[in-house]
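Peer 1: Before anything else, here's the structure in question.
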Amino acid sequence: MAEDTLKDISKYIGETTEYDKKQEVEHRKVKSWLKSVSAFANGEGGCLLFGIADDDTIVGLADAKRDAEFISQKIKERIDPVPQINMKIELVDGKDILILHVLSGNDTPYYMDDGALETFVRIDNESVIAGATEHKRLMLQGRNTSFDARPSDEMFEDYAFSKLRSRYYAWNGSSFDNKFYRSFGLVDKDGILTNAGLLMADECPLRQNRVFCTRWNGKTKAGGTIDALDSTEITGGLVTLLEDTMSFIRRNSRKMWYKEPMQRIEIPEYMERSVMEAVTNSLAHRDYLILGSEVHVDMYDDRLVIYSPGSMPEGRIIQEMNIEDIPAIRRNPVIADIFAQLGFMERKGSGMGKIIDPIKALPNFSEKMLPKFFSDRAQFTITFPNIIDIWEEEHPNMETHYVESDTQDDTEGGTQGDDLDKWIEQQVAIYPTITTEELASSSGKGLRTIKRHIAKMPHIVYVGSGYSGHWEVKKKK
């Protein structure tokens, strides 16, 4: 087929990015094309072009009308539920081709009956049988729900959410109202936690909700006498996982600096804003239906690798896409909304821009400093190159110095803190049922001192009376 003919075919498939070419309509081996009908309906839709060979030669169909009737009949007989389709016959270079558009379905999964019911999905431009995890996801999608929105087997009253409350207070400057548990989708009307609620709990029991962090000794996982210089397994709720993972990365990262005539320029091994976005995405968008697989953070001498279980939504392959033009699709919308409320991510979504843009803003930026993205049927991986290594390679004669990494995590400076008012405000926001006696005991101050400080802060109010009441921190006027 000539180049201009290819452009003509492109307009026939419309905005569809997924399509298969078939030289003929197989009447005996209908599975060869019906599996694509199932896969397209289970995904974002797609197009089958009959009468075109694999090498793009237009061979045409001898009886396109008869073939169209056969296709329609077999879809009704062998695909359940029946997906929405459009068919048309087009004359190209004097030959009839048949174009079958399969629309993205709302009633997933769409099964193909080949003696046994099979479900197909699109992976890397092929229609393949859906695995158990992909099948579960399609069933949730067909019910117009997601894993994080489904109820768990756990009761709200059995779990604490101090990390969630603490982060909400730190970001919003007001206490976490108890009604937010319901409105944010963490608990249902019967007091049963959703999976999102379970993932946000301080002591999340889901085994797949872990992060394994390792700083390897060298450029491989077998770098010498000591394989790992630092390692940790992080468990708990998502706030803990995110904060502790970033603490691990900070304590295993270095900064370099060099002098310019009027200023000192610092260059990190890895841009924290970019890495933070990548870690956030790995937790918010990972596939929690995959059991026995966790998020991994592997740091080497020359790179940082963040692995997240699960393919991209709709089975897309990221290395075949334009990184700066990837739509924001949320696999776990409840978690994504909560992360937005906590200031970890934007509700509108920003694609890969928040990962790439901070690196591009570096002084003496080069394309080698950009991360590499990889996805397949089971994983999504981001590899950040060591920016200092690249900078030193490109500036071999520049005198440089290293800033020692601050290995101490941020703390509150003890229970008393430097500012008693701030400490009290934080405590009552995180622990709304704490008593003034407990505040006095924890701070080492007298009860009268605690009450006097609270009296000076009108934005802290006690709602109710006695032990049945609770503290609320209002927005400061």
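So you can find residues: chains in the structure tokens are A, B, ... in the order shown, residues in each start at 1, and ligands are numbered from 1 in order.
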Taking the backbone alone, and naming residues the way the document does, which bits of segment 166-407 of chain A are alpha helix (DSSP H) by DSSP, as a ChimeraX atom specification?
Peer 2: /A:166-172,180-183,195-200,238-251,272-284,333-341,353-360,387-394
Peer 1: I'd like the neighbourhood of Gly173 of chain A as number ranges by chain, where a residue qualifies if any of its atoms comes within 12 Å (using only C-alpha atoms), though same-chain residues fewer than 6 positions away should be ignored.
Peer 2: A: 165-167, 341-343, 422, 425-426, 429-430, 459-460, 472-477
Peer 1: Which is closer to Met256 of chain A than all the others in A:Tyr181, A:Tyr307, A:Phe156, A:Tyr402, using only C-alpha atoms?
Peer 2: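 Of A:Tyr181, A:Tyr307, A:Phe156, A:Tyr402, the one nearest Met256 of chain A, counting only C-alpha atoms, is A:Tyr402.
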Peer 1: When you count only C-alpha atoms, which of these residues is closest to Trp33 of chain A: A:Asp107, A:Glu272, A:Asp244, A:Glu126?
Peer 2: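 Nearest to Trp33 of chain A: A:Glu126.
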Peer 1: Smallest atom-to-atom distance to His285 of chain A: which of A:Ala328, A:Ile249, A:Val305, A:Leu48, using only C-alpha atoms?
Peer 2: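 Closest to His285 of chain A, using only C-alpha atoms: A:Ala328.
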Peer 1: Find the residue from A:Met112, A:Met246, A:Leu98, A:Ala378 that sits nearest to Glu77 of chain A; use only C-alpha atoms when measuring.
Peer 2: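 Under the stated criterion, the closest residue is A:Met112.
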Peer 1: Excluding same-chain residues fewer than 6 positions from segment 88-91 of chain A, what lies within 9 Å of it counting only C-alpha atoms, as a list in words?
Peer 2: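 Final neighbour list, sorted by chain and number: Tyr12, Gly60, Ala64, Lys65, Ala68, Ile97, Leu98, Ile99, Leu100 and His101 of chain A.
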Peer 1: Just write the chosen residues, N, CA and C atoms, as a CSV table (one decimal), in the first residue's frame.
Peer 2:
```
chain,number,residue,atom,x,y,z
A,12,TYR,N,-10.4,6.2,8.2
A,12,TYR,CA,-11.5,5.3,8.3
A,12,TYR,C,-11.7,4.8,9.7
A,60,GLY,N,-8.8,-6.7,-0.4
A,60,GLY,CA,-10.2,-6.6,-0.6
A,60,GLY,C,-10.9,-7.9,-0.2
A,64,ALA,N,-18.2,-8.7,0.6
A,64,ALA,CA,-18.1,-7.9,1.8
A,64,ALA,C,-19.5,-7.9,2.5
A,65,LYS,N,-20.6,-7.9,1.8
A,65,LYS,CA,-21.9,-7.8,2.4
A,65,LYS,C,-22.2,-9.1,3.2
A,68,ALA,N,-20.1,-9.2,6.3
A,68,ALA,CA,-20.7,-8.4,7.3
A,68,ALA,C,-21.8,-9.0,8.1
A,97,ILE,N,-13.3,-3.1,1.4
A,97,ILE,CA,-12.8,-3.5,2.7
A,97,ILE,C,-14.0,-3.3,3.7
A,98,LEU,N,-13.9,-4.1,4.8
A,98,LEU,CA,-15.0,-4.0,5.8
A,98,LEU,C,-14.3,-3.5,7.1
A,99,ILE,N,-15.0,-2.4,7.6
A,99,ILE,CA,-14.5,-1.8,8.8
A,99,ILE,C,-15.5,-2.0,10.0
A,100,LEU,N,-15.0,-2.7,11.0
A,100,LEU,CA,-15.8,-3.0,12.2
A,100,LEU,C,-15.3,-2.2,13.4
A,101,HIS,N,-16.1,-1.3,13.8
A,101,HIS,CA,-15.8,-0.5,15.0
A,101,HIS,C,-16.5,-1.1,16.2
```
Peer 1: Let me make sure I understand: among A:Asn332, A:Ser72, A:Thr245, A:Ser311, which one has the smallest atom-to-atom distance to Asn195 of chain A if we use only C-alpha atoms?
Peer 2: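 Among the listed residues, the smallest separation from Asn195 of chain A belongs to A:Asn332.
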Peer 1: As a ChimeraX atom specification, please: every residue in segment 215-343 of chain A that DSSP puts in strand (DSSP E or B).
Peer 2: /A:215-216,228-234,255-260,263-268,295-299,303-309
Peer 1: Could you write those residues out with C-alpha atoms, as a PDB file, in the first residue's frame?
Peer 2:
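The resulting file, selection-v1.pdb, is shown below:
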```pdb
ATOM      1  CA  ARG A 215      19.970   1.006  49.029  1.00  0.00           C
ATOM      2  CA  TRP A 216      22.150  -1.470  47.165  1.00  0.00           C
ATOM      3  CA  ALA A 228      22.603  -3.750  50.880  1.00  0.00           C
ATOM      4  CA  LEU A 229      23.837  -0.617  52.630  1.00  0.00           C
ATOM      5  CA  ASP A 230      20.358   0.194  53.967  1.00  0.00           C
ATOM      6  CA  SER A 231      16.987  -1.525  53.746  1.00  0.00           C
ATOM      7  CA  THR A 232      13.584  -1.375  55.362  1.00  0.00           C
ATOM      8  CA  GLU A 233      10.114  -2.837  55.018  1.00  0.00           C
ATOM      9  CA  ILE A 234       7.478  -0.147  55.534  1.00  0.00           C
ATOM     10  CA  LYS A 255      23.683  16.808  47.114  1.00  0.00           C
ATOM     11  CA  MET A 256      26.598  18.340  45.281  1.00  0.00           C
ATOM     12  CA  TRP A 257      27.445  22.020  45.013  1.00  0.00           C
ATOM     13  CA  TYR A 258      29.736  24.175  42.941  1.00  0.00           C
ATOM     14  CA  LYS A 259      30.515  27.869  42.876  1.00  0.00           C
ATOM     15  CA  GLU A 260      29.628  30.381  40.230  1.00  0.00           C
ATOM     16  CA  GLN A 263      26.232  32.235  43.786  1.00  0.00           C
ATOM     17  CA  ARG A 264      26.485  28.657  44.989  1.00  0.00           C
ATOM     18  CA  ILE A 265      24.591  26.078  42.863  1.00  0.00           C
ATOM     19  CA  GLU A 266      23.318  22.847  44.429  1.00  0.00           C
ATOM     20  CA  ILE A 267      22.534  19.732  42.406  1.00  0.00           C
ATOM     21  CA  PRO A 268      20.792  16.711  43.981  1.00  0.00           C
ATOM     22  CA  VAL A 295       5.827  -1.382  45.787  1.00  0.00           C
ATOM     23  CA  HIS A 296       9.630  -1.540  45.619  1.00  0.00           C
ATOM     24  CA  VAL A 297      12.139   1.308  45.826  1.00  0.00           C
ATOM     25  CA  ASP A 298      15.652   0.238  44.783  1.00  0.00           C
ATOM     26  CA  MET A 299      18.498   2.730  45.007  1.00  0.00           C
ATOM     27  CA  ARG A 303      19.927   5.188  39.554  1.00  0.00           C
ATOM     28  CA  LEU A 304      16.720   5.064  41.610  1.00  0.00           C
ATOM     29  CA  VAL A 305      14.036   2.585  40.520  1.00  0.00           C
ATOM     30  CA  ILE A 306      10.409   2.702  41.688  1.00  0.00           C
ATOM     31  CA  TYR A 307       8.355  -0.396  40.869  1.00  0.00           C
ATOM     32  CA  SER A 308       4.563  -0.449  41.196  1.00  0.00           C
ATOM     33  CA  PRO A 309       2.407  -3.580  40.670  1.00  0.00           C
TER      34      PRO A 309
END
```
Peer 1: Which one of A:Ser104, A:Leu206, A:Ala222, A:Arg182 sits closest to Glu154 of chain A if you count only C-alpha atoms?
Peer 2: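 Looking at the shortest contact to Glu154 of chain A, the residue is A:Leu206.
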Peer 1: Please provide the set of residues having any atom within 10 Å of Arg330 of chain A, restricted to only C-alpha atoms, with same-chain residues fewer than 5 positions apart removed, written as a list in words.
Peer 2: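 Within the cut-off, the hits are Ser146, Asn281, Ala284, His285, Arg286, Met312, Pro313, Ile335, Ala336, Asp337 and Gly349 of chain A.
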Peer 1: Selected residues, N, CA and C atoms, written as a tab-separated table (two decimals), in the first residue's frame, please.
Peer 2:
```
chain	number	residue	atom	x	y	z
A	146	SER	N	-14.77	0.46	41.93
A	146	SER	CA	-13.34	0.17	41.90
A	146	SER	C	-12.96	-0.55	43.18
A	281	ASN	N	2.27	8.42	43.08
A	281	ASN	CA	1.55	7.71	42.02
A	281	ASN	C	1.63	6.20	42.21
A	284	ALA	N	-0.96	5.49	44.89
A	284	ALA	CA	-2.35	5.86	44.57
A	284	ALA	C	-2.90	5.08	43.38
A	285	HIS	N	-2.04	4.73	42.43
A	285	HIS	CA	-2.52	4.13	41.19
A	285	HIS	C	-2.12	2.66	41.01
A	286	ARG	N	-1.48	2.08	42.00
A	286	ARG	CA	-1.08	0.67	41.86
A	286	ARG	C	-2.31	-0.23	41.85
A	312	MET	N	-0.55	-0.25	33.16
A	312	MET	CA	-1.27	1.01	32.99
A	312	MET	C	-2.74	0.70	32.71
A	313	PRO	N	-3.63	1.61	33.05
A	313	PRO	CA	-5.05	1.40	32.73
A	313	PRO	C	-5.23	1.11	31.24
A	335	ILE	N	-8.91	6.79	46.68
A	335	ILE	CA	-7.58	7.10	47.23
A	335	ILE	C	-7.03	8.38	46.60
A	336	ALA	N	-7.23	8.52	45.29
A	336	ALA	CA	-6.73	9.73	44.61
A	336	ALA	C	-7.38	10.98	45.19
A	337	ASP	N	-8.68	10.92	45.47
A	337	ASP	CA	-9.38	12.08	46.05
A	337	ASP	C	-8.87	12.38	47.46
A	349	GLY	N	-5.40	16.05	38.23
A	349	GLY	CA	-4.40	15.24	37.56
A	349	GLY	C	-3.49	16.09	36.69
```
Peer 1: Pick out the residues sitting within 9 Å of Leu193 of chain A, and hand them over as a PyMOL selection string; count only C-alpha atoms, and ignore anything fewer than 4 positions along from it in its own chain.
Peer 2: chain A and resi 150-156+185-188+197-198
Peer 1: Mind pulling up the distance from atom CA of Thr235 of chain A to atom CA of Arg210 of chain A?
Peer 2: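 Atom CA of Arg210 of chain A sits 5.0 Å away from atom CA of Thr235 of chain A.
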Peer 1: Quick check, in Å to one decimal: how far apart do atom CA of Asn86 of chain A and atom CA of Ala130 of chain A lie?
Peer 2: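 So the two atoms, atom CA of Asn86 of chain A and atom CA of Ala130 of chain A, lie 24.5 Å apart.
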Peer 1: Could you jot down the atom CA of Ala201 of chain A to atom CA of Val239 of chain A separation for me, Å, one decimal place?
Peer 2: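 Interatomic distance, atom CA of Ala201 of chain A to atom CA of Val239 of chain A: 8.9 Å.
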